[in-house]
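A.B. asks: Structure file final.txt (compact mmCIF, C-alpha atoms and all ligand atoms) right here:
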# COMPACT_ATOMS: atom_id res chain seq x y z
CA MET X 1 -13.28 11.07 -31.47
CA LEU X 2 -16.28 9.14 -32.78
CA ASN X 3 -16.79 9.45 -36.55
CA LYS X 4 -20.53 9.89 -36.16
CA GLY X 5 -22.15 11.56 -33.21
CA ARG X 6 -24.44 9.76 -30.79
CA SER X 7 -28.13 10.37 -30.25
CA VAL X 8 -29.13 12.16 -27.07
CA GLU X 9 -30.91 9.02 -25.82
CA GLU X 10 -27.90 6.82 -26.43
CA LEU X 11 -25.51 9.34 -24.94
CA PHE X 12 -27.44 9.86 -21.75
CA SER X 13 -28.25 6.24 -21.20
CA PHE X 14 -24.48 5.62 -21.46
CA PHE X 15 -23.87 8.42 -18.93
CA ALA X 16 -26.60 7.07 -16.63
CA GLU X 17 -24.95 3.67 -16.71
CA LYS X 18 -21.59 5.19 -15.77
CA LYS X 19 -23.13 7.36 -13.06
CA SER X 20 -24.79 4.29 -11.53
CA LEU X 21 -21.28 2.94 -10.87
CA ASP X 22 -20.58 5.88 -8.53
CA LEU X 23 -21.19 5.22 -4.86
CA ASP X 24 -24.37 6.17 -3.06
CA HIS X 25 -23.80 9.06 -0.63
CA ASP X 26 -25.88 7.15 1.93
CA TYR X 27 -22.82 4.94 2.48
CA ILE X 28 -20.00 7.48 2.03
CA LEU X 29 -18.48 8.22 5.45
CA SER X 30 -14.97 8.98 4.20
CA SER X 31 -15.38 12.20 2.26
CA MET X 32 -14.86 15.87 3.09
CA CYS X 33 -17.20 16.74 0.24
CA THR X 34 -20.96 16.38 0.42
CA LEU X 35 -24.10 16.64 -1.67
CA PRO X 36 -24.47 20.24 -2.85
CA HIS X 37 -27.30 22.25 -1.34
CA SER X 38 -30.27 22.74 -3.71
CA VAL X 39 -29.66 26.51 -3.96
CA ALA X 40 -26.04 25.76 -4.92
CA VAL X 41 -27.19 23.52 -7.76
CA ARG X 42 -29.61 26.18 -8.99
CA ALA X 43 -27.00 28.94 -8.88
CA HIS X 44 -24.39 26.71 -10.53
CA CYS X 45 -26.72 26.02 -13.48
CA MET X 46 -27.50 29.72 -13.80
CA PHE X 47 -23.81 30.71 -14.14
CA MET X 48 -22.62 27.68 -16.12
CA GLU X 49 -20.92 29.57 -18.98
CA THR X 50 -19.26 32.30 -16.93
CA ASN X 51 -15.47 32.71 -16.88
CA LEU X 52 -13.84 34.70 -14.11
CA GLY X 53 -10.56 34.52 -16.01
CA ASP X 54 -11.81 37.39 -18.17
CA PRO X 55 -13.85 39.33 -15.62
CA GLY X 56 -14.53 42.30 -17.87
CA LEU X 57 -16.86 40.07 -19.88
CA PHE X 58 -18.71 38.91 -16.77
CA PRO X 59 -18.82 41.92 -14.44
CA GLY X 60 -21.93 40.61 -12.68
CA THR X 61 -20.36 37.26 -11.87
CA PHE X 62 -17.13 39.03 -10.90
CA SER X 63 -19.08 41.09 -8.36
CA LEU X 64 -20.32 37.81 -6.83
CA GLU X 65 -16.70 36.71 -6.36
CA HIS X 66 -16.09 39.99 -4.50
CA LEU X 67 -19.13 39.33 -2.36
CA LEU X 68 -17.90 35.83 -1.52
CA VAL X 69 -14.56 37.23 -0.37
CA LYS X 70 -16.43 39.90 1.60
CA ARG X 71 -18.56 37.23 3.33
CA PHE X 72 -15.41 35.39 4.40
CA GLY X 73 -13.72 38.62 5.47
CA ASP X 74 -16.69 39.39 7.71
CA LEU X 75 -16.87 35.84 9.03
CA PHE X 76 -13.12 35.80 9.76
CA HIS X 77 -13.07 39.17 11.58
CA CYS X 78 -11.47 41.23 8.81
CA PRO X 79 -14.14 43.17 6.90
CA ASP X 80 -11.52 44.70 4.57
CA ALA X 81 -9.94 41.39 3.62
CA GLY X 82 -8.82 40.64 0.08
CA GLY X 83 -8.61 37.36 -1.79
CA TYR X 84 -10.17 35.39 -4.60
CA ALA X 85 -12.10 32.23 -5.36
CA THR X 86 -9.82 29.26 -5.99
CA SER X 87 -10.48 25.71 -7.12
CA GLY X 88 -10.04 24.44 -3.56
CA GLY X 89 -7.61 24.01 -0.70
CA THR X 90 -4.76 22.82 -2.90
CA GLU X 91 -4.77 25.97 -5.03
CA SER X 92 -5.25 28.23 -1.99
CA ASN X 93 -2.29 26.62 -0.21
CA ILE X 94 -0.06 26.83 -3.29
CA GLN X 95 -0.95 30.48 -3.80
CA ALA X 96 -0.43 31.39 -0.15
CA LEU X 97 3.07 29.93 -0.22
CA ARG X 98 3.74 31.51 -3.63
CA LEU X 99 2.91 34.87 -2.09
CA ALA X 100 5.04 34.22 0.99
CA LYS X 101 8.00 33.29 -1.22
CA ALA X 102 7.53 36.33 -3.49
CA LEU X 103 7.52 38.65 -0.46
CA ARG X 104 10.92 37.27 0.58
CA HIS X 105 12.46 36.88 -2.89
CA GLU X 106 15.92 37.70 -1.52
CA VAL X 107 16.06 34.39 0.40
CA ALA X 108 18.15 31.96 -1.65
CA SER X 109 17.07 28.66 0.01
CA PRO X 110 13.61 29.35 1.39
CA ASN X 111 11.86 26.98 3.77
CA VAL X 112 8.38 26.74 5.26
CA ILE X 113 7.37 25.38 8.65
CA VAL X 114 4.30 23.10 8.51
CA PRO X 115 2.76 20.73 11.04
CA ALA X 116 3.33 17.00 10.46
CA SER X 117 -0.45 16.84 9.98
CA ALA X 118 -0.44 19.27 7.03
CA HIS X 119 -2.45 18.20 3.99
CA PHE X 120 -0.43 16.72 1.12
CA SER X 121 -1.19 19.82 -0.96
CA PHE X 122 1.71 21.49 0.89
CA LYS X 123 4.06 18.86 -0.54
CA LYS X 124 2.81 19.81 -4.01
CA ALA X 125 3.22 23.51 -3.21
CA CYS X 126 6.79 23.03 -1.98
CA ASP X 127 7.71 20.90 -5.01
CA ILE X 128 6.39 23.51 -7.44
CA LEU X 129 7.80 26.51 -5.60
CA GLY X 130 11.18 25.02 -4.70
CA LEU X 131 10.59 25.39 -0.97
CA SER X 132 12.04 23.11 1.65
CA MET X 133 9.27 21.77 3.90
CA GLN X 134 10.14 21.55 7.61
CA LYS X 135 7.68 19.34 9.45
CA VAL X 136 6.88 20.20 13.06
CA PRO X 137 6.00 17.22 15.30
CA LEU X 138 2.54 17.05 16.86
CA ASP X 139 1.71 16.89 20.54
CA ARG X 140 -0.20 13.98 22.07
CA ASP X 141 -3.51 15.48 20.93
CA HIS X 142 -2.42 15.53 17.27
CA ARG X 143 -1.92 19.31 17.34
CA MET X 144 1.14 21.18 16.05
CA ASP X 145 3.66 21.74 18.85
CA ALA X 146 4.01 25.55 18.91
CA GLY X 147 7.21 25.48 21.03
CA LYS X 148 8.93 23.16 18.55
CA ALA X 149 7.68 25.30 15.64
CA ALA X 150 9.34 28.37 17.20
CA GLU X 151 12.64 26.48 17.55
CA MET X 152 12.59 25.50 13.88
CA ILE X 153 12.29 29.05 12.49
CA ASP X 154 15.52 30.29 10.91
CA ALA X 155 16.66 33.12 8.65
CA ASN X 156 15.49 31.21 5.55
CA THR X 157 11.95 30.63 6.81
CA VAL X 158 9.52 32.48 4.57
CA ALA X 159 6.26 31.16 6.05
CA MET X 160 4.66 29.12 8.77
CA VAL X 161 1.45 27.10 8.33
CA GLY X 162 -1.14 26.07 10.91
CA VAL X 163 -4.17 23.90 10.24
CA ALA X 164 -7.64 24.69 11.57
CA GLY X 165 -9.43 21.38 11.15
CA THR X 166 -6.88 18.74 10.20
CA THR X 167 -7.72 16.30 7.43
CA GLU X 168 -7.07 13.14 9.43
CA TYR X 169 -8.03 13.84 13.05
CA GLY X 170 -10.14 17.00 12.84
CA MET X 171 -7.93 19.01 15.21
CA VAL X 172 -7.32 22.75 15.35
CA ASP X 173 -3.65 23.68 15.82
CA PRO X 174 -2.84 26.24 18.55
CA ILE X 175 -3.34 29.10 16.09
CA ALA X 176 -3.28 31.82 18.79
CA ASP X 177 0.17 30.68 20.05
CA LEU X 178 1.45 30.25 16.51
CA GLY X 179 0.12 33.69 15.58
CA LYS X 180 2.12 35.24 18.43
CA ILE X 181 5.26 33.46 17.30
CA ALA X 182 4.69 34.62 13.71
CA ASP X 183 4.16 38.16 14.92
CA GLN X 184 7.38 38.12 16.99
CA HIS X 185 9.37 36.87 13.98
CA ASP X 186 7.50 39.06 11.49
CA LEU X 187 6.71 35.85 9.63
CA PHE X 188 4.04 35.14 7.02
CA PHE X 189 1.46 32.89 8.74
CA HIS X 190 -0.98 30.92 6.60
CA VAL X 191 -3.91 29.13 8.23
CA ASP X 192 -5.27 26.16 6.30
CA ALA X 193 -8.93 26.22 7.29
CA ALA X 194 -10.03 24.45 4.10
CA PHE X 195 -12.25 22.22 6.23
CA GLY X 196 -12.57 24.07 9.55
CA GLY X 197 -13.22 27.53 8.11
CA MET X 198 -16.86 26.66 7.59
CA VAL X 199 -17.17 24.77 10.89
CA ILE X 200 -15.29 26.61 13.64
CA PRO X 201 -17.14 29.99 13.39
CA PHE X 202 -20.43 28.12 13.91
CA LEU X 203 -19.43 26.03 16.94
CA ASP X 204 -20.95 26.84 20.33
CA ARG X 205 -17.46 27.64 21.60
CA PRO X 206 -15.36 28.67 18.57
CA VAL X 207 -11.59 28.45 19.00
CA PRO X 208 -9.68 31.46 17.66
CA PHE X 209 -8.16 30.69 14.27
CA ASP X 210 -8.69 33.69 11.99
CA PHE X 211 -7.77 37.36 11.45
CA ALA X 212 -8.96 38.18 14.98
CA LEU X 213 -5.45 36.95 15.81
CA LYS X 214 -2.87 39.57 14.88
CA GLY X 215 -0.31 37.20 13.38
CA VAL X 216 -2.55 35.54 10.77
CA THR X 217 -1.67 36.65 7.21
CA THR X 218 -3.87 34.43 5.00
CA VAL X 219 -6.65 31.87 5.44
CA ALA X 220 -7.73 29.08 3.06
CA VAL X 221 -11.38 27.99 3.24
CA ASP X 222 -13.34 25.61 1.00
CA PRO X 223 -17.04 26.12 0.28
CA HIS X 224 -17.01 22.77 -1.57
CA LYS X 225 -16.41 21.01 1.74
CA MET X 226 -18.65 22.08 4.65
CA GLY X 227 -20.00 25.01 2.61
CA MET X 228 -22.18 22.58 0.60
CA SER X 229 -21.29 24.32 -2.65
CA THR X 230 -20.76 22.58 -5.97
CA ILE X 231 -17.19 21.55 -6.81
CA PRO X 232 -14.71 23.27 -7.33
CA ALA X 233 -15.04 26.08 -4.81
CA GLY X 234 -12.26 27.33 -2.57
CA CYS X 235 -11.27 30.75 -1.34
CA LEU X 236 -7.94 32.28 -0.36
CA VAL X 237 -8.51 35.20 2.01
CA THR X 238 -5.80 37.77 2.75
CA ARG X 239 -5.67 40.22 5.67
CA GLU X 240 -4.30 42.97 3.40
CA LYS X 241 -6.82 43.85 0.71
CA ASP X 242 -4.31 44.07 -2.14
CA ALA X 243 -1.77 41.53 -0.91
CA LEU X 244 -2.13 39.26 -3.95
CA ASN X 245 -1.13 42.05 -6.37
CA THR X 246 2.46 41.09 -5.55
CA LEU X 247 1.82 38.02 -7.75
CA ASN X 248 0.45 39.98 -10.71
CA ILE X 249 1.63 39.07 -14.18
CA ASP X 250 0.68 40.89 -17.41
CA THR X 251 -2.30 39.63 -19.42
CA PRO X 252 -2.25 42.16 -22.26
CA TYR X 253 -5.17 40.97 -24.43
CA LEU X 254 -7.71 40.32 -21.67
CA THR X 255 -10.26 42.74 -20.29
CA VAL X 256 -8.02 43.06 -17.25
CA LYS X 257 -4.35 43.74 -17.86
CA GLN X 258 -2.93 41.77 -14.95
CA GLU X 259 -3.82 38.70 -12.92
CA TYR X 260 -2.52 36.96 -9.80
CA THR X 261 -4.68 33.84 -9.93
CA LEU X 262 -3.17 30.42 -10.57
CA GLY X 263 -5.83 29.29 -13.03
CA GLY X 264 -6.50 31.30 -16.18
CA THR X 265 -10.01 30.31 -17.20
CA ARG X 266 -11.94 30.06 -13.92
CA PRO X 267 -15.53 28.90 -13.40
CA GLY X 268 -18.02 31.42 -12.04
CA ALA X 269 -20.66 28.73 -11.43
CA PRO X 270 -19.28 27.29 -8.18
CA VAL X 271 -18.60 30.82 -6.92
CA ALA X 272 -22.28 31.71 -7.36
CA ALA X 273 -23.15 28.35 -5.78
CA ALA X 274 -20.95 29.03 -2.73
CA LEU X 275 -22.45 32.47 -2.20
CA ALA X 276 -25.96 31.11 -2.72
CA VAL X 277 -25.60 28.68 0.19
CA MET X 278 -24.08 31.29 2.51
CA ASP X 279 -26.71 33.91 1.74
CA TYR X 280 -29.60 31.45 1.79
CA LEU X 281 -28.68 29.89 5.14
CA GLY X 282 -27.10 32.89 6.79
CA PHE X 283 -25.11 32.53 10.01
CA ASP X 284 -28.00 30.89 11.89
CA GLY X 285 -28.65 28.35 9.14
CA MET X 286 -24.96 27.40 8.94
CA LYS X 287 -24.87 27.11 12.73
CA ALA X 288 -27.78 24.65 12.60
CA VAL X 289 -25.99 22.54 9.94
CA VAL X 290 -22.73 22.50 11.92
CA SER X 291 -24.53 21.78 15.17
CA GLY X 292 -26.21 18.75 13.53
CA CYS X 293 -22.86 17.46 12.23
CA MET X 294 -21.21 17.89 15.65
CA LYS X 295 -24.09 16.09 17.40
CA ASN X 296 -23.79 13.22 14.93
CA THR X 297 -20.02 13.08 15.53
CA GLU X 298 -20.58 12.86 19.30
CA ARG X 299 -23.28 10.21 18.89
CA LEU X 300 -21.01 8.17 16.59
CA ILE X 301 -18.15 8.32 19.11
CA ALA X 302 -20.43 7.33 22.00
CA GLY X 303 -22.03 4.52 19.96
CA MET X 304 -18.67 3.11 18.83
CA GLU X 305 -17.30 3.18 22.36
CA THR X 306 -20.36 1.25 23.55
CA LEU X 307 -19.38 -1.39 20.98
CA GLY X 308 -15.86 -1.50 22.45
CA ILE X 309 -14.27 0.57 19.67
CA PRO X 310 -12.46 3.45 21.39
CA ARG X 311 -11.87 6.87 19.89
CA ALA X 312 -8.37 7.71 18.66
CA ALA X 313 -8.84 11.43 19.36
CA THR X 314 -11.46 13.84 20.67
CA PRO X 315 -11.86 16.07 17.62
CA ASP X 316 -12.43 19.83 17.46
CA VAL X 317 -14.51 19.46 14.28
CA ASN X 318 -16.72 16.76 12.76
CA VAL X 319 -14.06 14.13 11.99
CA ALA X 320 -14.17 11.03 14.20
CA THR X 321 -11.31 8.53 14.47
CA PHE X 322 -11.17 5.13 16.15
CA VAL X 323 -8.86 2.31 17.11
CA CYS X 324 -10.57 -0.35 15.04
CA ASP X 325 -9.71 -3.50 13.12
CA GLN X 326 -10.09 -2.90 9.37
CA LYS X 327 -11.98 -6.19 9.09
CA ARG X 328 -14.80 -4.87 11.28
CA ILE X 329 -16.23 -2.61 8.55
CA PRO X 330 -19.01 -4.30 6.57
CA LEU X 331 -19.76 -3.44 2.93
CA PRO X 332 -21.11 -1.26 1.37
CA TRP X 333 -19.95 1.34 3.92
CA ARG X 334 -17.04 3.48 2.77
CA VAL X 335 -14.74 4.69 5.50
CA SER X 336 -11.10 5.82 5.41
CA TRP X 337 -7.96 5.03 7.39
CA THR X 338 -5.37 7.45 8.69
CA CYS X 339 -1.60 6.97 8.24
CA GLN X 340 -1.58 5.54 11.77
CA LYS X 341 -4.28 3.03 10.67
CA HIS X 342 -7.08 4.60 12.66
CA LEU X 343 -10.60 4.36 11.29
CA ARG X 344 -11.71 7.81 10.10
CA ILE X 345 -15.28 8.97 9.55
CA VAL X 346 -16.25 12.47 8.46
CA CYS X 347 -19.74 13.42 9.62
CA MET X 348 -20.65 15.62 6.66
CA PRO X 349 -24.13 17.12 6.19
CA HIS X 350 -25.22 14.15 4.03
CA VAL X 351 -24.40 11.77 6.91
CA HIS X 352 -27.74 12.14 8.68
CA ALA X 353 -28.45 10.80 12.17
CA ASP X 354 -30.26 7.75 10.74
CA ARG X 355 -27.15 6.87 8.69
CA ILE X 356 -25.03 6.94 11.87
CA GLU X 357 -27.55 4.61 13.56
CA ALA X 358 -27.58 2.30 10.52
CA PHE X 359 -23.77 2.17 10.52
CA LEU X 360 -23.62 1.49 14.27
CA SER X 361 -26.17 -1.27 13.96
CA ASP X 362 -24.31 -2.87 11.01
CA ILE X 363 -20.92 -2.73 12.68
CA GLY X 364 -22.45 -4.02 15.94
CA GLU X 365 -23.86 -7.10 14.22
CA TYR X 366 -20.97 -7.74 11.87
CA HIS X 367 -18.01 -9.93 12.78
CA ALA X 368 -15.62 -10.68 9.94
N1 LIG P 1 -6.40 21.38 3.34
C1 LIG P 1 -7.07 20.50 4.12
C2 LIG P 1 -7.04 20.66 5.60
C3 LIG P 1 -7.79 19.46 3.52
O1 LIG P 1 -8.43 18.58 4.29
C4 LIG P 1 -7.79 19.35 2.11
C5 LIG P 1 -8.53 18.24 1.41
C6 LIG P 1 -7.08 20.31 1.35
C7 LIG P 1 -6.39 21.30 2.01
C8 LIG P 1 -7.05 20.26 -0.15
O2 LIG P 1 -8.29 20.60 -0.64
P1 LIG P 1 -8.73 20.25 -2.14
O3 LIG P 1 -8.77 18.75 -2.23
O4 LIG P 1 -10.06 20.89 -2.25
O5 LIG P 1 -7.74 20.84 -3.05
N2 LIG P 1 -9.06 17.26 2.20
C9 LIG P 1 -9.68 16.05 1.71
C10 LIG P 1 -8.68 14.91 1.76
O6 LIG P 1 -7.62 15.00 1.13
C11 LIG P 1 -10.22 16.18 0.32
C12 LIG P 1 -11.16 15.08 -0.04
C13 LIG P 1 -12.49 15.35 -0.25
C14 LIG P 1 -10.73 13.76 -0.19
C15 LIG P 1 -13.35 14.35 -0.60
C16 LIG P 1 -11.62 12.75 -0.52
C17 LIG P 1 -12.92 13.05 -0.73
O7 LIG P 1 -13.81 12.05 -1.06
O8 LIG P 1 -8.97 13.93 2.43
Show this structure as structure tokens.

C.D. replies:
Amino acid sequence: MLNKGRSVEELFSFFAEKKSLDLDHDYILSSMCTLPHSVAVRAHCMFMETNLGDPGLFPGTFSLEHLLVKRFGDLFHCPDAGGYATSGGTESNIQALRLAKALRHEVASPNVIVPASAHFSFKKACDILGLSMQKVPLDRDHRMDAGKAAEMIDANTVAMVGVAGTTEYGMVDPIADLGKIADQHDLFFHVDAAFGGMVIPFLDRPVPFDFALKGVTTVAVDPHKMGMSTIPAGCLVTREKDALNTLNIDTPYLTVKQEYTLGGTRPGAPVAAALAVMDYLGFDGMKAVVSGCMKNTERLIAGMETLGIPRAATPDVNVATFVCDQKRIPLPWRVSWTCQKHLRIVCMPHVHADRIEAFLSDIGEYHA
């Protein structure tokens, strides 16, 4: 702690200096987050001090959280869905598995079946919850092999996970087949749609991935990714309205006497921001955003292939991957690399068509 405080000018010139070290979004092609929409920023500022951890003090903000869950319930074909706003995909995935484990508390050595492509948040979830993680191999298209998943289910399996929009290759697992398997085995089936949940419904030909499929128990979706909200904004959606009550613990001195959330103090600002974007754009507006991102993804793939850099996969959502030498990427572009060393570019809303053209032109001219 400084002995004496700093003047506002000094403080904010220090902050400005630090902020200038952050990268310019114009060159960020590696991120699943994006610049927040202007209505998200406005809503976030408006709800800055709100705490959903004590909802009785903020009933208005709390009703916005309900509305957000309602919007996702409607979007995911389950108008009576339950759920709550989380800090993102990691928390949603942890909580989904926590619920699955609680529902089968009699199982002494519980395991969960996840695709090999599952986000690393499932490793965290399994560590915390004492679950054994069984990884299902992928097929040639980087999708979870449903047949192999079925073979791996045993008496100790408390949940199965499918991913709708994988982090690395942007694929949607065969959720319909997996849902049938889950249904046959009466198994908890969590769909991680942290990325794809705000893409797939808006595609011209959406693949089934949500509660329209009988076997799906819970869905994770992140407004702070394609939902253009401020960070941190996630949502865990449950088919059964009151499913999460199983996780309730007593909170005697709060305005509510029980809670099932993972966090205690929870920000209302990003929840308002997430709802602001959804209600401002509506279905048609989101469809236009997603359509732009998908067009840019296709253009990027076509442009790279013209330069002799082949795709590594044909993605279901706006994540493009390539077989490319790491030395071919000129600065200051920021890209990422998959575990299999494929170049990975996420065509988020801030990655406009002119940025794709600028990248293609730079990579075309550049030879390390
Ligand atoms: N599930 C999936 C399918 C994800 O892709 C991610 C994150 C998560 C869960 C976890 O979400 P939270 O990080 O919100 O808890 N996917 C990105 C990734 O790990 C997150 C990210 C975003 C990374 C922006 C970098 C970045 O600049 O790659």

A.B. asks: Compare X:Lys180, X:Lys19, X:His190, X:His77 by their minimum atom-to-atom distance to ligand LIG 1 (chain P), counting all atoms listed in the file, and give me the closest one.

C.D. replies: X:His190

A.B. asks: Hey, what's within 6 Å of Val335 of chain X if we count only C-alpha atoms and toss same-chain stuff fewer than 5 positions away? As a PyMOL selection string, please?

C.D. replies: chain X and resi 29-30+345

A.B. asks: Atom C4 of ligand LIG 1 (chain P) to atom CA of Leu35 of chain X: how many Å, to one decimal?

C.D. replies: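 That distance, rounded to one decimal, is 17.0 Å.
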
A.B. asks: How far is it from atom CA of Ala116 of chain X to atom CA of Lys135 of chain X, in Å with one decimal?

C.D. replies: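 Between these atoms lies a distance of 5.0 Å.
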
A.B. asks: Which neighbours of Asp362 of chain X fall inside 10 Å, counting all atoms listed in the file, when residues of the same chain fewer than 2 positions from it are skipped, and could you give them as a list in words?

C.D. replies: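 Listed by chain and then number, they are Arg328, Ile329, Pro330, Leu331, Trp333, Ile356, Glu357, Ala358, Phe359, Leu360, Gly364, Glu365, Tyr366 and His367 of chain X.
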
A.B. asks: Find, counting only C-alpha atoms and all ligand atoms, the residue in X:Ala194, X:Ile128, X:Ile28, X:Val277 that gets nearest to ligand LIG 1 (chain P).

C.D. replies: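 Nearest to ligand LIG 1 (chain P): X:Ala194.
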
A.B. asks: Quick one: everything within 6 Å of segment 213-230 of chain X, counting all atoms listed in the file, minus sequence neighbours fewer than 2 positions away in the same chain. Send it as an mmCIF file with C-alpha atoms, in the frame of the given file.

C.D. replies:
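Contents of result38.cif, freshly written:
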data_model
loop_
_atom_site.group_PDB
_atom_site.id
_atom_site.type_symbol
_atom_site.label_atom_id
_atom_site.label_comp_id
_atom_site.auth_asym_id
_atom_site.auth_seq_id
_atom_site.Cartn_x
_atom_site.Cartn_y
_atom_site.Cartn_z
ATOM 1 C CA MET X 32 -14.860 15.870 3.090
ATOM 2 C CA CYS X 33 -17.200 16.740 0.240
ATOM 3 C CA PRO X 36 -24.470 20.240 -2.850
ATOM 4 C CA HIS X 37 -27.300 22.250 -1.340
ATOM 5 C CA ALA X 40 -26.040 25.760 -4.920
ATOM 6 C CA GLY X 88 -10.040 24.440 -3.560
ATOM 7 C CA SER X 92 -5.250 28.230 -1.990
ATOM 8 C CA GLY X 179 0.120 33.690 15.580
ATOM 9 C CA LYS X 180 2.120 35.240 18.430
ATOM 10 C CA ALA X 182 4.690 34.620 13.710
ATOM 11 C CA ASP X 183 4.160 38.160 14.920
ATOM 12 C CA PHE X 188 4.040 35.140 7.020
ATOM 13 C CA PHE X 189 1.460 32.890 8.740
ATOM 14 C CA HIS X 190 -0.980 30.920 6.600
ATOM 15 C CA VAL X 191 -3.910 29.130 8.230
ATOM 16 C CA ASP X 192 -5.270 26.160 6.300
ATOM 17 C CA ALA X 193 -8.930 26.220 7.290
ATOM 18 C CA ALA X 194 -10.030 24.450 4.100
ATOM 19 C CA GLY X 197 -13.220 27.530 8.110
ATOM 20 C CA MET X 198 -16.860 26.660 7.590
ATOM 21 C CA ASP X 210 -8.690 33.690 11.990
ATOM 22 C CA PHE X 211 -7.770 37.360 11.450
ATOM 23 C CA ALA X 233 -15.040 26.080 -4.810
ATOM 24 C CA GLY X 234 -12.260 27.330 -2.570
ATOM 25 C CA CYS X 235 -11.270 30.750 -1.340
ATOM 26 C CA LEU X 236 -7.940 32.280 -0.360
ATOM 27 C CA VAL X 237 -8.510 35.200 2.010
ATOM 28 C CA THR X 238 -5.800 37.770 2.750
ATOM 29 C CA ARG X 239 -5.670 40.220 5.670
ATOM 30 C CA PRO X 270 -19.280 27.290 -8.180
ATOM 31 C CA ALA X 273 -23.150 28.350 -5.780
ATOM 32 C CA ALA X 274 -20.950 29.030 -2.730
#

A.B. asks: Here is a test: counting only C-alpha atoms, which residue of X:Pro208, X:Gly162, X:Gly285, X:Pro267 is nearest to Phe122 of chain X?

C.D. replies: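 Among the listed residues, X:Gly162 lies closest to Phe122 of chain X.
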
A.B. asks: Please indicate the distance in Å from atom CA of Asn93 of chain X to atom CA of Leu247 of chain X, rounded to one decimal place.

C.D. replies: 14.3 Å

A.B. asks: Nearest to ligand LIG 1 (chain P) among X:Glu106, X:Asp74, X:Glu151, X:Glu168, with distances taken over all atoms listed in the file: which residue is it?

C.D. replies: X:Glu168

A.B. asks: Which is closer to Val346 of chain X than all the others in X:Gly130, X:Pro315, X:Gly303, X:Pro59, using all atoms listed in the file?

C.D. replies: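 Result for the nearest residue to Val346 of chain X: X:Pro315.
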
A.B. asks: Just give me the residues with any atom within 12 Å of (-1.6, 45.3, -0.7), file coordinates, counting all atoms listed in the file, written as a JSON list (two decimals) with C-alpha atoms, in the frame of the given file.

C.D. replies:
[["chain", "number", "residue", "atom", "x", "y", "z"],
["X", 80, "ASP", "CA", -11.52, 44.70, 4.57],
["X", 81, "ALA", "CA", -9.94, 41.39, 3.62],
["X", 82, "GLY", "CA", -8.82, 40.64, 0.08],
["X", 83, "GLY", "CA", -8.61, 37.36, -1.79],
["X", 99, "LEU", "CA", 2.91, 34.87, -2.09],
["X", 103, "LEU", "CA", 7.52, 38.65, -0.46],
["X", 217, "THR", "CA", -1.67, 36.65, 7.21],
["X", 238, "THR", "CA", -5.80, 37.77, 2.75],
["X", 239, "ARG", "CA", -5.67, 40.22, 5.67],
["X", 240, "GLU", "CA", -4.30, 42.97, 3.40],
["X", 241, "LYS", "CA", -6.82, 43.85, 0.71],
["X", 242, "ASP", "CA", -4.31, 44.07, -2.14],
["X", 243, "ALA", "CA", -1.77, 41.53, -0.91],
["X", 244, "LEU", "CA", -2.13, 39.26, -3.95],
["X", 245, "ASN", "CA", -1.13, 42.05, -6.37],
["X", 246, "THR", "CA", 2.46, 41.09, -5.55],
["X", 247, "LEU", "CA", 1.82, 38.02, -7.75],
["X", 248, "ASN", "CA", 0.45, 39.98, -10.71]]

A.B. asks: Return as AutoDock Vina command-line options the box centre and box size in Å, one decimal, for an axis-aligned box around all listed atoms of segment 242-245 of chain X padded by 3 Å per side.

C.D. replies:
--center_x -2.7 --center_y 41.7 --center_z -3.6 --size_x 9.2 --size_y 10.8 --size_z 11.5

A.B. asks: Choose the residue, out of X:Glu91, X:Asp173, X:Asp145, X:Glu17, that has the smallest atom-to-atom separation from ligand LIG 1 (chain P); count all atoms listed in the file.

C.D. replies: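 Ranking X:Glu91, X:Asp173, X:Asp145, X:Glu17 by distance to ligand LIG 1 (chain P), first place goes to X:Glu91.
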
A.B. asks: Excluding segment 153-156 of chain X and any residue of its chain fewer than 2 positions from it, enumerate the residues within 6 Å of it, using all atoms listed in the file, and give them as a list in words.

C.D. replies: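 The contact residues come out as Pro110, Asn111, Ala150 and Glu151 of chain X.
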
A.B. asks: For the point (-22.8, 39.3, -12.7) in file coordinates, what residues are within 12 Å, counting all atoms listed in the file? Give the answer as a ChimeraX atom specification?

C.D. replies: /X:43,46-47,49-52,55-67,268-269,271-272

A.B. asks: So that I can see what lies close to Val319 of chain X, please list as a PyMOL selection string the residues with an atom at most 9 Å from it, counting only C-alpha atoms and leaving out residues fewer than 6 positions away in the same chain.

C.D. replies: chain X and resi 165-171+294+297+344-348
